[in-house]
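A.B. asks: What follows is my_file-v1.cif, made up of mmCIF, C-alpha atoms and all ligand atoms:
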```
data_run
#
loop_
_atom_site.group_PDB
_atom_site.id
_atom_site.type_symbol
_atom_site.label_atom_id
_atom_site.label_comp_id
_atom_site.auth_asym_id
_atom_site.auth_seq_id
_atom_site.Cartn_x
_atom_site.Cartn_y
_atom_site.Cartn_z
ATOM 1 C CA MET A 1 -151.293 -6.642 13.967
ATOM 2 C CA ASN A 2 -154.038 -8.782 12.520
ATOM 3 C CA THR A 3 -155.823 -8.036 9.290
ATOM 4 C CA LEU A 4 -159.013 -9.785 10.195
ATOM 5 C CA ASN A 5 -161.174 -7.491 12.141
ATOM 6 C CA THR A 6 -159.435 -4.466 13.457
ATOM 7 C CA THR A 7 -162.472 -2.445 14.425
ATOM 8 C CA VAL A 8 -163.221 -2.605 18.113
ATOM 9 C CA THR A 9 -166.824 -3.667 18.390
ATOM 10 C CA SER A 10 -168.889 -5.466 20.937
ATOM 11 C CA GLU A 11 -168.993 -9.221 21.057
ATOM 12 C CA ALA A 12 -172.753 -8.985 21.400
ATOM 13 C CA GLU A 13 -172.882 -7.327 17.985
ATOM 14 C CA GLN A 14 -170.836 -10.047 16.326
ATOM 15 C CA PRO A 15 -171.586 -13.733 16.363
ATOM 16 C CA GLU A 16 -168.258 -15.533 16.802
ATOM 17 C CA GLU A 17 -168.609 -17.571 13.606
ATOM 18 C CA SER A 18 -169.509 -14.726 11.277
ATOM 19 C CA THR A 19 -166.119 -13.020 11.005
ATOM 20 C CA ILE A 20 -163.891 -16.070 10.749
ATOM 21 C CA PRO A 21 -163.193 -16.912 7.125
ATOM 22 C CA VAL A 22 -162.674 -20.613 6.647
ATOM 23 C CA GLN A 23 -160.060 -21.925 4.250
ATOM 24 C CA GLU A 24 -161.277 -24.131 1.434
ATOM 25 C CA GLU A 25 -158.899 -27.028 2.031
ATOM 26 C CA ARG A 26 -159.036 -28.926 5.300
ATOM 27 C CA PRO A 27 -155.909 -28.615 7.467
ATOM 28 C CA ALA A 28 -153.381 -31.399 7.019
ATOM 29 C CA GLU A 29 -152.848 -32.253 10.681
ATOM 30 C CA THR A 30 -155.488 -34.296 12.427
ATOM 31 C CA LYS A 31 -153.839 -36.107 15.353
ATOM 32 C CA ILE A 32 -152.350 -34.724 18.555
ATOM 33 C CA ASP A 33 -148.712 -35.782 18.901
ATOM 34 C CA GLU A 34 -147.733 -35.102 22.494
ATOM 35 C CA GLY A 35 -144.958 -32.504 22.646
ATOM 36 C CA LYS A 36 -145.422 -31.496 19.011
ATOM 37 C CA THR A 37 -146.990 -28.165 18.128
ATOM 38 C CA VAL A 38 -147.759 -27.186 14.546
ATOM 39 C CA GLY A 39 -147.025 -23.682 13.280
ATOM 40 C CA GLN A 40 -144.312 -21.477 14.779
ATOM 41 C CA PRO A 41 -143.926 -22.093 18.503
ATOM 42 C CA PHE A 42 -140.328 -20.831 18.603
ATOM 43 C CA SER A 43 -138.824 -17.409 18.059
ATOM 44 C CA GLU A 44 -135.357 -15.867 17.998
ATOM 45 C CA ASP A 45 -134.219 -14.177 21.201
ATOM 46 C CA PRO A 46 -137.335 -15.023 23.232
ATOM 47 C CA LYS A 47 -138.338 -13.392 26.511
ATOM 48 C CA PHE A 48 -139.703 -16.709 27.791
ATOM 49 C CA LYS A 49 -138.174 -20.005 26.735
ATOM 50 C CA LEU A 50 -140.460 -22.801 27.907
ATOM 51 C CA ARG A 51 -139.522 -26.402 27.247
ATOM 52 C CA ASN A 52 -141.298 -29.697 27.964
ATOM 53 C CA VAL A 53 -143.559 -28.084 30.529
ATOM 54 C CA GLU A 54 -145.898 -30.358 32.447
ATOM 55 C CA VAL A 55 -148.242 -29.323 35.227
ATOM 56 C CA PHE A 56 -149.897 -31.745 37.618
ATOM 57 C CA TYR A 57 -152.749 -31.203 40.042
ATOM 58 C CA GLY A 58 -152.191 -34.179 42.317
ATOM 59 C CA GLN A 59 -152.079 -37.142 39.905
ATOM 60 C CA ASP A 60 -153.846 -35.273 37.076
ATOM 61 C CA ARG A 61 -151.655 -33.928 34.307
ATOM 62 C CA ALA A 62 -153.229 -30.626 33.229
ATOM 63 C CA ILE A 63 -150.362 -29.512 30.939
ATOM 64 C CA LYS A 64 -148.801 -32.145 28.697
ATOM 65 C CA ASN A 65 -145.269 -31.544 27.493
ATOM 66 C CA ILE A 66 -145.612 -28.041 26.075
ATOM 67 C CA SER A 67 -142.679 -26.168 24.515
ATOM 68 C CA LEU A 68 -143.089 -22.533 23.496
ATOM 69 C CA ASP A 69 -141.146 -19.301 23.126
ATOM 70 C CA ILE A 70 -142.742 -15.946 23.897
ATOM 71 C CA GLY A 71 -141.046 -13.031 22.149
ATOM 72 C CA ARG A 72 -140.085 -9.628 23.491
ATOM 73 C CA ASN A 73 -142.807 -6.994 23.102
ATOM 74 C CA GLU A 74 -145.087 -9.606 21.639
ATOM 75 C CA VAL A 75 -148.794 -9.935 22.399
ATOM 76 C CA ILE A 76 -149.645 -13.625 22.398
ATOM 77 C CA ALA A 77 -153.194 -14.890 22.945
ATOM 78 C CA PHE A 78 -153.998 -18.265 24.505
ATOM 79 C CA ILE A 79 -157.278 -19.705 23.226
ATOM 80 C CA GLY A 80 -159.019 -23.056 23.520
ATOM 81 C CA PRO A 81 -162.025 -24.807 25.053
ATOM 82 C CA SER A 82 -162.811 -24.519 28.746
ATOM 83 C CA GLY A 83 -160.505 -26.650 30.905
ATOM 84 C CA CYS A 84 -157.793 -27.040 28.219
ATOM 85 C CA GLY A 85 -155.117 -25.543 30.485
ATOM 86 C CA LYS A 86 -154.748 -21.924 29.322
ATOM 87 C CA SER A 87 -154.858 -20.385 32.806
ATOM 88 C CA THR A 88 -152.716 -23.131 34.313
ATOM 89 C CA PHE A 89 -149.999 -22.533 31.718
ATOM 90 C CA LEU A 90 -150.272 -18.740 32.101
ATOM 91 C CA ARG A 91 -149.876 -18.983 35.871
ATOM 92 C CA CYS A 92 -146.603 -20.910 35.459
ATOM 93 C CA LEU A 93 -145.026 -17.783 33.983
ATOM 94 C CA ASN A 94 -144.917 -15.930 37.304
ATOM 95 C CA ARG A 95 -145.323 -18.916 39.610
ATOM 96 C CA MET A 96 -148.875 -18.060 40.622
ATOM 97 C CA ASN A 97 -149.432 -21.832 40.767
ATOM 98 C CA ASP A 98 -147.098 -21.957 43.801
ATOM 99 C CA SER A 99 -150.040 -21.048 45.998
ATOM 100 C CA ILE A 100 -151.919 -24.255 45.009
ATOM 101 C CA ASP A 101 -150.625 -27.021 47.276
ATOM 102 C CA ILE A 102 -151.378 -29.936 44.952
ATOM 103 C CA CYS A 103 -149.859 -28.234 41.907
ATOM 104 C CA ARG A 104 -146.469 -29.374 40.602
ATOM 105 C CA VAL A 105 -144.625 -27.908 37.606
ATOM 106 C CA LYS A 106 -142.007 -29.847 35.621
ATOM 107 C CA GLY A 107 -139.796 -28.895 32.680
ATOM 108 C CA SER A 108 -137.609 -25.902 31.900
ATOM 109 C CA LEU A 109 -139.147 -22.429 32.189
ATOM 110 C CA GLN A 110 -136.788 -19.526 31.584
ATOM 111 C CA LEU A 111 -137.275 -15.777 31.681
ATOM 112 C CA ASP A 112 -134.365 -13.996 29.991
ATOM 113 C CA ASP A 113 -132.361 -17.244 30.184
ATOM 114 C CA HIS A 114 -132.853 -17.585 33.946
ATOM 115 C CA ASP A 115 -134.807 -20.411 35.529
ATOM 116 C CA ILE A 116 -138.198 -19.166 36.780
ATOM 117 C CA TYR A 117 -138.405 -22.132 39.170
ATOM 118 C CA ASP A 118 -134.899 -21.778 40.615
ATOM 119 C CA PRO A 119 -135.465 -22.380 44.363
ATOM 120 C CA LYS A 120 -133.224 -19.382 45.088
ATOM 121 C CA ARG A 121 -135.369 -17.066 42.999
ATOM 122 C CA ASP A 122 -137.124 -14.207 44.788
ATOM 123 C CA VAL A 123 -140.774 -14.799 43.829
ATOM 124 C CA VAL A 124 -141.869 -11.293 44.894
ATOM 125 C CA GLU A 125 -139.307 -9.812 42.517
ATOM 126 C CA LEU A 126 -140.394 -12.248 39.775
ATOM 127 C CA ARG A 127 -144.014 -11.138 40.140
ATOM 128 C CA ALA A 128 -142.982 -7.498 39.952
ATOM 129 C CA ARG A 129 -141.258 -8.264 36.629
ATOM 130 C CA VAL A 130 -144.121 -10.448 35.453
ATOM 131 C CA GLY A 131 -147.298 -8.688 36.570
ATOM 132 C CA MET A 132 -150.791 -10.101 36.383
ATOM 133 C CA VAL A 133 -154.294 -8.834 35.733
ATOM 134 C CA PHE A 134 -157.141 -11.166 36.665
ATOM 135 C CA GLN A 135 -160.549 -11.953 35.245
ATOM 136 C CA LYS A 136 -162.418 -10.029 37.918
ATOM 137 C CA PRO A 137 -161.060 -6.592 38.784
ATOM 138 C CA ASN A 138 -159.618 -6.900 42.298
ATOM 139 C CA PRO A 139 -158.650 -3.448 43.582
ATOM 140 C CA PHE A 140 -157.608 -3.203 47.234
ATOM 141 C CA PRO A 141 -160.207 -1.539 49.495
ATOM 142 C CA LYS A 142 -158.027 1.569 49.576
ATOM 143 C CA SER A 143 -157.924 4.856 47.727
ATOM 144 C CA ILE A 144 -157.204 5.038 43.997
ATOM 145 C CA TYR A 145 -153.818 6.596 44.807
ATOM 146 C CA ASP A 146 -152.887 3.927 47.341
ATOM 147 C CA ASN A 147 -153.808 1.084 44.969
ATOM 148 C CA VAL A 148 -151.260 2.299 42.432
ATOM 149 C CA ALA A 149 -148.697 3.377 45.049
ATOM 150 C CA TYR A 150 -148.821 0.025 46.851
ATOM 151 C CA GLY A 151 -146.291 -1.860 44.694
ATOM 152 C CA PRO A 152 -143.778 0.995 44.344
ATOM 153 C CA ARG A 153 -143.917 1.457 48.149
ATOM 154 C CA ILE A 154 -143.222 -2.189 49.006
ATOM 155 C CA HIS A 155 -140.495 -2.410 46.368
ATOM 156 C CA GLY A 156 -138.913 0.862 47.536
ATOM 157 C CA LEU A 157 -139.166 2.450 44.087
ATOM 158 C CA ALA A 158 -139.721 5.997 45.335
ATOM 159 C CA ASN A 159 -137.716 7.833 47.975
ATOM 160 C CA ARG A 160 -139.785 10.983 48.048
ATOM 161 C CA LYS A 161 -143.504 11.692 47.939
ATOM 162 C CA SER A 162 -143.005 13.623 44.697
ATOM 163 C CA ASP A 163 -141.416 10.531 43.076
ATOM 164 C CA LEU A 164 -144.340 8.409 44.176
ATOM 165 C CA ASP A 165 -146.807 11.011 42.852
ATOM 166 C CA GLU A 166 -145.034 10.853 39.511
ATOM 167 C CA ILE A 167 -145.194 7.029 39.342
ATOM 168 C CA VAL A 168 -148.894 7.087 40.251
ATOM 169 C CA GLU A 169 -149.677 9.714 37.615
ATOM 170 C CA ASN A 170 -147.654 8.001 34.878
ATOM 171 C CA SER A 171 -149.183 4.603 35.606
ATOM 172 C CA LEU A 172 -152.709 5.999 35.576
ATOM 173 C CA ARG A 173 -151.942 7.828 32.320
ATOM 174 C CA LYS A 174 -150.600 4.666 30.683
ATOM 175 C CA ALA A 175 -153.711 2.815 31.832
ATOM 176 C CA GLY A 176 -155.876 5.507 30.211
ATOM 177 C CA LEU A 177 -157.439 6.470 33.534
ATOM 178 C CA TRP A 178 -155.731 9.682 34.634
ATOM 179 C CA ASP A 179 -158.233 12.161 33.206
ATOM 180 C CA GLU A 180 -161.124 10.279 34.807
ATOM 181 C CA VAL A 181 -159.628 10.097 38.298
ATOM 182 C CA LYS A 182 -157.104 12.911 38.713
ATOM 183 C CA ASP A 183 -159.519 14.960 40.818
ATOM 184 C CA ARG A 184 -160.488 12.096 43.118
ATOM 185 C CA LEU A 185 -157.310 10.176 43.840
ATOM 186 C CA ASP A 186 -158.333 9.884 47.500
ATOM 187 C CA ALA A 187 -161.685 8.268 46.664
ATOM 188 C CA THR A 188 -162.022 4.583 47.382
ATOM 189 C CA ALA A 189 -161.250 2.345 44.409
ATOM 190 C CA THR A 190 -164.149 -0.007 45.022
ATOM 191 C CA GLY A 191 -166.550 2.835 44.139
ATOM 192 C CA MET A 192 -165.335 2.920 40.528
ATOM 193 C CA SER A 193 -167.083 1.227 37.588
ATOM 194 C CA GLY A 194 -165.960 -2.297 36.638
ATOM 195 C CA GLY A 195 -164.055 -1.052 33.591
ATOM 196 C CA GLN A 196 -162.354 1.670 35.616
ATOM 197 C CA GLN A 197 -161.439 -0.871 38.303
ATOM 198 C CA GLN A 198 -159.857 -3.131 35.686
ATOM 199 C CA ARG A 199 -157.843 -0.220 34.244
ATOM 200 C CA LEU A 200 -156.818 0.622 37.816
ATOM 201 C CA CYS A 201 -155.589 -2.971 38.224
ATOM 202 C CA ILE A 202 -153.586 -2.543 35.023
ATOM 203 C CA ALA A 203 -152.159 0.736 36.398
ATOM 204 C CA ARG A 204 -151.286 -1.103 39.625
ATOM 205 C CA ALA A 205 -149.536 -3.848 37.655
ATOM 206 C CA ILE A 206 -147.489 -1.422 35.544
ATOM 207 C CA ALA A 207 -146.592 0.889 38.481
ATOM 208 C CA VAL A 208 -143.712 -1.429 39.407
ATOM 209 C CA SER A 209 -142.305 -1.269 35.840
ATOM 210 C CA PRO A 210 -142.881 -4.886 34.862
ATOM 211 C CA GLU A 211 -141.438 -6.386 31.698
ATOM 212 C CA VAL A 212 -144.381 -8.706 31.134
ATOM 213 C CA VAL A 213 -148.094 -8.391 31.855
ATOM 214 C CA LEU A 214 -150.160 -11.587 32.085
ATOM 215 C CA MET A 215 -153.887 -11.112 31.545
ATOM 216 C CA ASP A 216 -156.326 -13.879 32.411
ATOM 217 C CA GLU A 217 -159.579 -13.063 30.608
ATOM 218 C CA PRO A 218 -159.274 -9.392 31.576
ATOM 219 C CA CYS A 219 -162.491 -8.336 29.843
ATOM 220 C CA SER A 220 -164.827 -11.156 30.762
ATOM 221 C CA ALA A 221 -166.516 -9.115 33.492
ATOM 222 C CA LEU A 222 -166.709 -5.933 31.414
ATOM 223 C CA ASP A 223 -169.242 -4.390 29.067
ATOM 224 C CA PRO A 224 -168.371 -3.796 25.391
ATOM 225 C CA ILE A 225 -167.285 -0.184 25.878
ATOM 226 C CA ALA A 226 -164.993 -1.021 28.804
ATOM 227 C CA THR A 227 -163.715 -4.002 26.774
ATOM 228 C CA ALA A 228 -162.880 -1.734 23.848
ATOM 229 C CA LYS A 229 -160.910 0.559 26.175
ATOM 230 C CA ILE A 230 -158.887 -2.342 27.560
ATOM 231 C CA GLU A 231 -158.183 -3.598 24.034
ATOM 232 C CA GLU A 232 -156.955 -0.156 22.964
ATOM 233 C CA LEU A 233 -154.799 -0.131 26.056
ATOM 234 C CA ILE A 234 -153.292 -3.530 25.225
ATOM 235 C CA ALA A 235 -152.264 -2.181 21.810
ATOM 236 C CA GLU A 236 -150.548 0.801 23.482
ATOM 237 C CA LEU A 237 -148.900 -1.270 26.214
ATOM 238 C CA SER A 238 -147.546 -3.735 23.660
ATOM 239 C CA GLU A 239 -145.008 -1.087 22.630
ATOM 240 C CA SER A 240 -143.327 -1.431 26.023
ATOM 241 C CA TYR A 241 -144.297 -4.810 27.455
ATOM 242 C CA THR A 242 -144.631 -8.465 26.558
ATOM 243 C CA ILE A 243 -148.304 -9.333 26.976
ATOM 244 C CA VAL A 244 -149.811 -12.795 27.353
ATOM 245 C CA ILE A 245 -153.597 -12.823 27.290
ATOM 246 C CA VAL A 246 -156.010 -15.691 27.905
ATOM 247 C CA THR A 247 -159.286 -15.054 26.144
ATOM 248 C CA HIS A 248 -162.475 -16.881 25.245
ATOM 249 C CA SER A 249 -163.191 -14.346 22.548
ATOM 250 C CA MET A 250 -161.677 -15.178 19.190
ATOM 251 C CA GLN A 251 -162.500 -11.665 17.986
ATOM 252 C CA GLN A 252 -160.487 -10.311 20.877
ATOM 253 C CA ALA A 253 -157.534 -12.593 20.099
ATOM 254 C CA ALA A 254 -157.727 -11.488 16.463
ATOM 255 C CA ARG A 255 -157.890 -7.811 17.410
ATOM 256 C CA VAL A 256 -155.129 -7.604 19.996
ATOM 257 C CA SER A 257 -152.532 -10.334 19.434
ATOM 258 C CA HIS A 258 -149.577 -10.882 17.141
ATOM 259 C CA ARG A 259 -149.519 -14.652 17.688
ATOM 260 C CA THR A 260 -152.215 -17.014 18.861
ATOM 261 C CA ALA A 261 -151.726 -20.327 20.660
ATOM 262 C CA TYR A 262 -154.462 -22.949 20.522
ATOM 263 C CA PHE A 263 -154.659 -25.320 23.522
ATOM 264 C CA HIS A 264 -156.615 -28.575 23.609
ATOM 265 C CA LEU A 265 -156.899 -31.000 26.567
ATOM 266 C CA GLY A 266 -153.593 -29.830 28.046
ATOM 267 C CA HIS A 267 -151.724 -29.934 24.699
ATOM 268 C CA LEU A 268 -150.472 -26.945 22.744
ATOM 269 C CA VAL A 269 -151.822 -27.940 19.346
ATOM 270 C CA GLU A 270 -150.961 -24.936 17.205
ATOM 271 C CA VAL A 271 -149.193 -21.585 17.466
ATOM 272 C CA ASN A 272 -148.808 -19.119 14.668
ATOM 273 C CA GLU A 273 -149.216 -15.526 13.593
ATOM 274 C CA THR A 274 -152.756 -14.626 14.567
ATOM 275 C CA ASN A 275 -154.062 -14.032 11.045
ATOM 276 C CA LYS A 276 -152.669 -17.411 9.941
ATOM 277 C CA VAL A 277 -154.350 -19.221 12.821
ATOM 278 C CA PHE A 278 -157.700 -17.676 11.937
ATOM 279 C CA THR A 279 -157.528 -17.830 8.140
ATOM 280 C CA SER A 280 -155.521 -20.995 7.478
ATOM 281 C CA PRO A 281 -155.208 -23.153 10.575
ATOM 282 C CA LYS A 282 -152.858 -26.095 10.110
ATOM 283 C CA HIS A 283 -154.591 -28.429 12.536
ATOM 284 C CA GLN A 284 -158.150 -29.672 12.225
ATOM 285 C CA LEU A 285 -158.772 -29.176 15.951
ATOM 286 C CA THR A 286 -157.874 -25.494 15.629
ATOM 287 C CA GLU A 287 -160.150 -25.178 12.633
ATOM 288 C CA SER A 288 -163.023 -26.880 14.446
ATOM 289 C CA TYR A 289 -162.640 -24.521 17.398
ATOM 290 C CA ILE A 290 -162.386 -21.293 15.435
ATOM 291 C CA THR A 291 -165.331 -22.187 13.237
ATOM 292 C CA GLY A 292 -167.434 -22.860 16.318
ATOM 293 C CA ARG A 293 -167.772 -26.624 15.872
ATOM 294 C CA PHE A 294 -166.839 -27.096 19.508
ATOM 295 C CA GLY A 295 -165.697 -25.174 22.535
HETATM 296 N N1 LIG A 301 -156.711 -25.627 41.598
HETATM 297 C C1 LIG A 301 -156.942 -26.717 40.848
HETATM 298 N N2 LIG A 301 -157.015 -27.941 41.414
HETATM 299 C C2 LIG A 301 -157.240 -29.049 40.670
HETATM 300 N N3 LIG A 301 -157.409 -29.033 39.332
HETATM 301 C C3 LIG A 301 -157.375 -27.835 38.717
HETATM 302 C C4 LIG A 301 -157.128 -26.618 39.429
HETATM 303 N N4 LIG A 301 -157.129 -25.581 38.545
HETATM 304 C C5 LIG A 301 -157.364 -26.139 37.330
HETATM 305 N N5 LIG A 301 -157.504 -27.476 37.425
HETATM 306 C C6 LIG A 301 -157.769 -28.418 36.333
HETATM 307 O O1 LIG A 301 -156.760 -28.245 35.349
HETATM 308 C C7 LIG A 301 -157.329 -28.299 34.038
HETATM 309 C C8 LIG A 301 -157.005 -27.008 33.290
HETATM 310 O O2 LIG A 301 -157.706 -25.954 33.930
HETATM 311 P P1 LIG A 301 -157.489 -24.418 33.537
HETATM 312 O O3 LIG A 301 -158.272 -23.591 34.491
HETATM 313 O O4 LIG A 301 -156.069 -24.149 33.395
HETATM 314 O O5 LIG A 301 -158.169 -24.401 32.086
HETATM 315 P P2 LIG A 301 -158.626 -23.157 31.214
HETATM 316 O O6 LIG A 301 -158.353 -23.540 29.793
HETATM 317 O O7 LIG A 301 -158.025 -21.908 31.707
HETATM 318 O O8 LIG A 301 -160.194 -23.175 31.475
HETATM 319 P P3 LIG A 301 -161.269 -21.986 31.429
HETATM 320 O O9 LIG A 301 -161.260 -21.487 30.025
HETATM 321 O O10 LIG A 301 -162.552 -22.669 31.781
HETATM 322 O O11 LIG A 301 -160.855 -20.952 32.429
HETATM 323 C C9 LIG A 301 -158.813 -28.554 34.204
HETATM 324 O O12 LIG A 301 -159.052 -29.929 34.100
HETATM 325 C C10 LIG A 301 -159.076 -28.069 35.618
HETATM 326 O O13 LIG A 301 -160.155 -28.791 36.203
#
```
Rewrite the coordinates I just gave you, this time as structure tokens.
Ligand SMILES: Nc1ncnc2c1ncn2[C@@H]1O[C@H](COP(=O)(O)OP(=O)(O)OP(=O)(O)O)[C@@H](O)[C@H]1O

C.D. replies:
Amino acid sequence: MNTLNTTVTSEAEQPEESTIPVQEERPAETKIDEGKTVGQPFSEDPKFKLRNVEVFYGQDRAIKNISLDIGRNEVIAFIGPSGCGKSTFLRCLNRMNDSIDICRVKGSLQLDDHDIYDPKRDVVELRARVGMVFQKPNPFPKSIYDNVAYGPRIHGLANRKSDLDEIVENSLRKAGLWDEVKDRLDATATGMSGGQQQRLCIARAIAVSPEVVLMDEPCSALDPIATAKIEELIAELSESYTIVIVTHSMQQAARVSHRTAYFHLGHLVEVNETNKVFTSPKHQLTESYITGRFG
């Protein structure tokens, strides 16, 4: 994991600029070459192999010829200024963009060497394998137990009540929530704190045994203590799952991810090991962003 700033602390306590050491020499790359990403966008034996990906909203091209591998059991952070395409690219990975009528995805997107956009693909099954946690916790207005049991029930993962109980308990344990809720599993989930609700959403996502968890700014609605809990959880989950996290917090990217990808105006400008991105960025746009000159 990164060597920059491993202590989990609140963003409020740390101005973004203060912990980012800046290299003495300016990065060599200055221009954006469409389709070219500096650093290490490719890996051996990737979980996701994404090539020449373009995403259009109507006539507008939001993602511009991006190629990237995402490794197995890797935590990769997507960073970049608002509107640069991080969420759009993330949502391609489990076809969440399908629900937006004007959205069109081009290029080759493979999960374990199989086309994610194959028209014959079962999208419900895809989303069980590639789960998602959103910015705002969105538990169902049901009990804590039923939130976690929902996915396993619809996917037929448990034949007996005792099997379902076991899945619910294990998922809540992995999400670091079991001890807080074990005596009130029948209570309604919407009565929990924001941080608890977000951990419940993580438990719900992992209850169907996904291989990948996508997280779109999972801590942006949480206080520093709840944020720290989610970050600890990401570190634990990374032993079993591939995790892709969109974040506006560079400290968070530095704390939780192995690699960081810097997006700019729909381009993937730079990808590298997280500590390299933050200590010796190869592209001037990355450097400008991480040193707070824009974004
Ligand atoms: N549903 C949509 N319809 C039309 N355009 C959209 C839609 N969603 C996103 N866009 C556009 O696509 C571009 C990329 O947006 P996206 O939300 O992916 O960026 P982002 O980097 O995640 O931004 P933020 O950090 O603000 O969440 C922006 O220009 C945005 O306006």

A.B. asks: Please identify every residue of chain A that has at least one atom no farther than 8 Å from an atom of ligand LIG 301 (chain A), counting all atoms listed in the file, and for each give the shortest atom pair and the distance in Å to one decimal, arranged by chain then increasing number, as JSON lines.

C.D. replies:
```
{"residue": "A:Tyr57", "atom": "CA", "partner": "A:LIG301", "partner_atom": "C2", "distance": 5.0}
{"residue": "A:Gly58", "atom": "CA", "partner": "A:LIG301", "partner_atom": "C2", "distance": 7.4}
{"residue": "A:Asp60", "atom": "CA", "partner": "A:LIG301", "partner_atom": "N3", "distance": 7.5}
{"residue": "A:Arg61", "atom": "CA", "partner": "A:LIG301", "partner_atom": "O1", "distance": 7.7}
{"residue": "A:Ala62", "atom": "CA", "partner": "A:LIG301", "partner_atom": "O1", "distance": 4.8}
{"residue": "A:Ile63", "atom": "CA", "partner": "A:LIG301", "partner_atom": "C8", "distance": 7.5}
{"residue": "A:Ile79", "atom": "CA", "partner": "A:LIG301", "partner_atom": "O6", "distance": 7.7}
{"residue": "A:Gly80", "atom": "CA", "partner": "A:LIG301", "partner_atom": "O6", "distance": 6.3}
{"residue": "A:Pro81", "atom": "CA", "partner": "A:LIG301", "partner_atom": "O9", "distance": 6.0}
{"residue": "A:Ser82", "atom": "CA", "partner": "A:LIG301", "partner_atom": "O10", "distance": 3.6}
{"residue": "A:Gly83", "atom": "CA", "partner": "A:LIG301", "partner_atom": "O5", "distance": 3.5}
{"residue": "A:Cys84", "atom": "CA", "partner": "A:LIG301", "partner_atom": "O6", "distance": 3.9}
{"residue": "A:Gly85", "atom": "CA", "partner": "A:LIG301", "partner_atom": "O4", "distance": 3.4}
{"residue": "A:Lys86", "atom": "CA", "partner": "A:LIG301", "partner_atom": "O6", "distance": 4.0}
{"residue": "A:Ser87", "atom": "CA", "partner": "A:LIG301", "partner_atom": "O7", "distance": 3.7}
{"residue": "A:Thr88", "atom": "CA", "partner": "A:LIG301", "partner_atom": "O4", "distance": 3.6}
{"residue": "A:Phe89", "atom": "CA", "partner": "A:LIG301", "partner_atom": "O4", "distance": 6.5}
{"residue": "A:Ile100", "atom": "CA", "partner": "A:LIG301", "partner_atom": "N1", "distance": 6.0}
{"residue": "A:Ile102", "atom": "CA", "partner": "A:LIG301", "partner_atom": "N2", "distance": 6.9}
{"residue": "A:Cys103", "atom": "CA", "partner": "A:LIG301", "partner_atom": "N2", "distance": 7.2}
{"residue": "A:Val246", "atom": "CA", "partner": "A:LIG301", "partner_atom": "O7", "distance": 7.6}
{"residue": "A:Thr247", "atom": "CA", "partner": "A:LIG301", "partner_atom": "O9", "distance": 7.8}
{"residue": "A:His248", "atom": "CA", "partner": "A:LIG301", "partner_atom": "O9", "distance": 6.7}
{"residue": "A:Phe263", "atom": "CA", "partner": "A:LIG301", "partner_atom": "O6", "distance": 7.5}
{"residue": "A:Leu265", "atom": "CA", "partner": "A:LIG301", "partner_atom": "C8", "distance": 7.8}
{"residue": "A:Gly266", "atom": "CA", "partner": "A:LIG301", "partner_atom": "C8", "distance": 6.9}
```

A.B. asks: Might you spell out which residues the PyMOL selection byres (((chain A and resi 39) around 6) and not hetatm) would select in the displayed file, as a PyMOL selection string?

C.D. replies: chain A and resi 38+40+270-272

A.B. asks: Skipping near chain neighbours, those fewer than 5 positions away, what residues fall within 12 Å of Asp98 of chain A using only C-alpha atoms, listed as a PyMOL selection string?

C.D. replies: chain A and resi 55-57+88+91-93+103-105+116-117+119+123-124+127

A.B. asks: When the PyMOL selection byres (((chain A and resi 235) around 12) and not hetatm) is applied to the file above, which residues end up in the set, as a ChimeraX atom specification?

C.D. replies: /A:1-2,6,8,73-76,174-176,228-234,236-243,252-253,255-258

A.B. asks: Do you know which residues are at most 8 Å from Ala128 of chain A counting all atoms listed in the file, after dropping those on the same chain fewer than 4 positions away, and could you put them as a VMD selection string?

C.D. replies: chain A and resid 124 205 208 to 210

A.B. asks: Using the chain letters and numbers from the file, give me the residues hit by the PyMOL selection byres (((chain A and resi 146) around 12) and not hetatm), as a short mmCIF file (atom, residue, chain, number, x, y, z; two decimals) with C-alpha atoms, keeping the file's coordinate frame.

C.D. replies:
```
data_model
loop_
_atom_site.label_atom_id
_atom_site.label_comp_id
_atom_site.auth_asym_id
_atom_site.auth_seq_id
_atom_site.Cartn_x
_atom_site.Cartn_y
_atom_site.Cartn_z
CA PRO A 139 -158.65 -3.45 43.58
CA PHE A 140 -157.61 -3.20 47.23
CA PRO A 141 -160.21 -1.54 49.50
CA LYS A 142 -158.03 1.57 49.58
CA SER A 143 -157.92 4.86 47.73
CA ILE A 144 -157.20 5.04 44.00
CA TYR A 145 -153.82 6.60 44.81
CA ASN A 147 -153.81 1.08 44.97
CA VAL A 148 -151.26 2.30 42.43
CA ALA A 149 -148.70 3.38 45.05
CA TYR A 150 -148.82 0.02 46.85
CA GLY A 151 -146.29 -1.86 44.69
CA PRO A 152 -143.78 1.00 44.34
CA ARG A 153 -143.92 1.46 48.15
CA ILE A 154 -143.22 -2.19 49.01
CA LEU A 164 -144.34 8.41 44.18
CA ASP A 165 -146.81 11.01 42.85
CA ILE A 167 -145.19 7.03 39.34
CA VAL A 168 -148.89 7.09 40.25
CA GLU A 169 -149.68 9.71 37.62
CA LEU A 172 -152.71 6.00 35.58
CA ARG A 184 -160.49 12.10 43.12
CA LEU A 185 -157.31 10.18 43.84
CA ASP A 186 -158.33 9.88 47.50
CA ALA A 187 -161.68 8.27 46.66
CA THR A 188 -162.02 4.58 47.38
CA ALA A 189 -161.25 2.35 44.41
CA LEU A 200 -156.82 0.62 37.82
CA CYS A 201 -155.59 -2.97 38.22
CA ALA A 203 -152.16 0.74 36.40
CA ARG A 204 -151.29 -1.10 39.62
CA ALA A 207 -146.59 0.89 38.48
#
```

A.B. asks: Using only C-alpha atoms, pick whichever of A:Cys219, A:Val53, A:Val244, A:Val269 has the shortest atom-to-atom distance to Leu90 of chain A.

C.D. replies: A:Val244
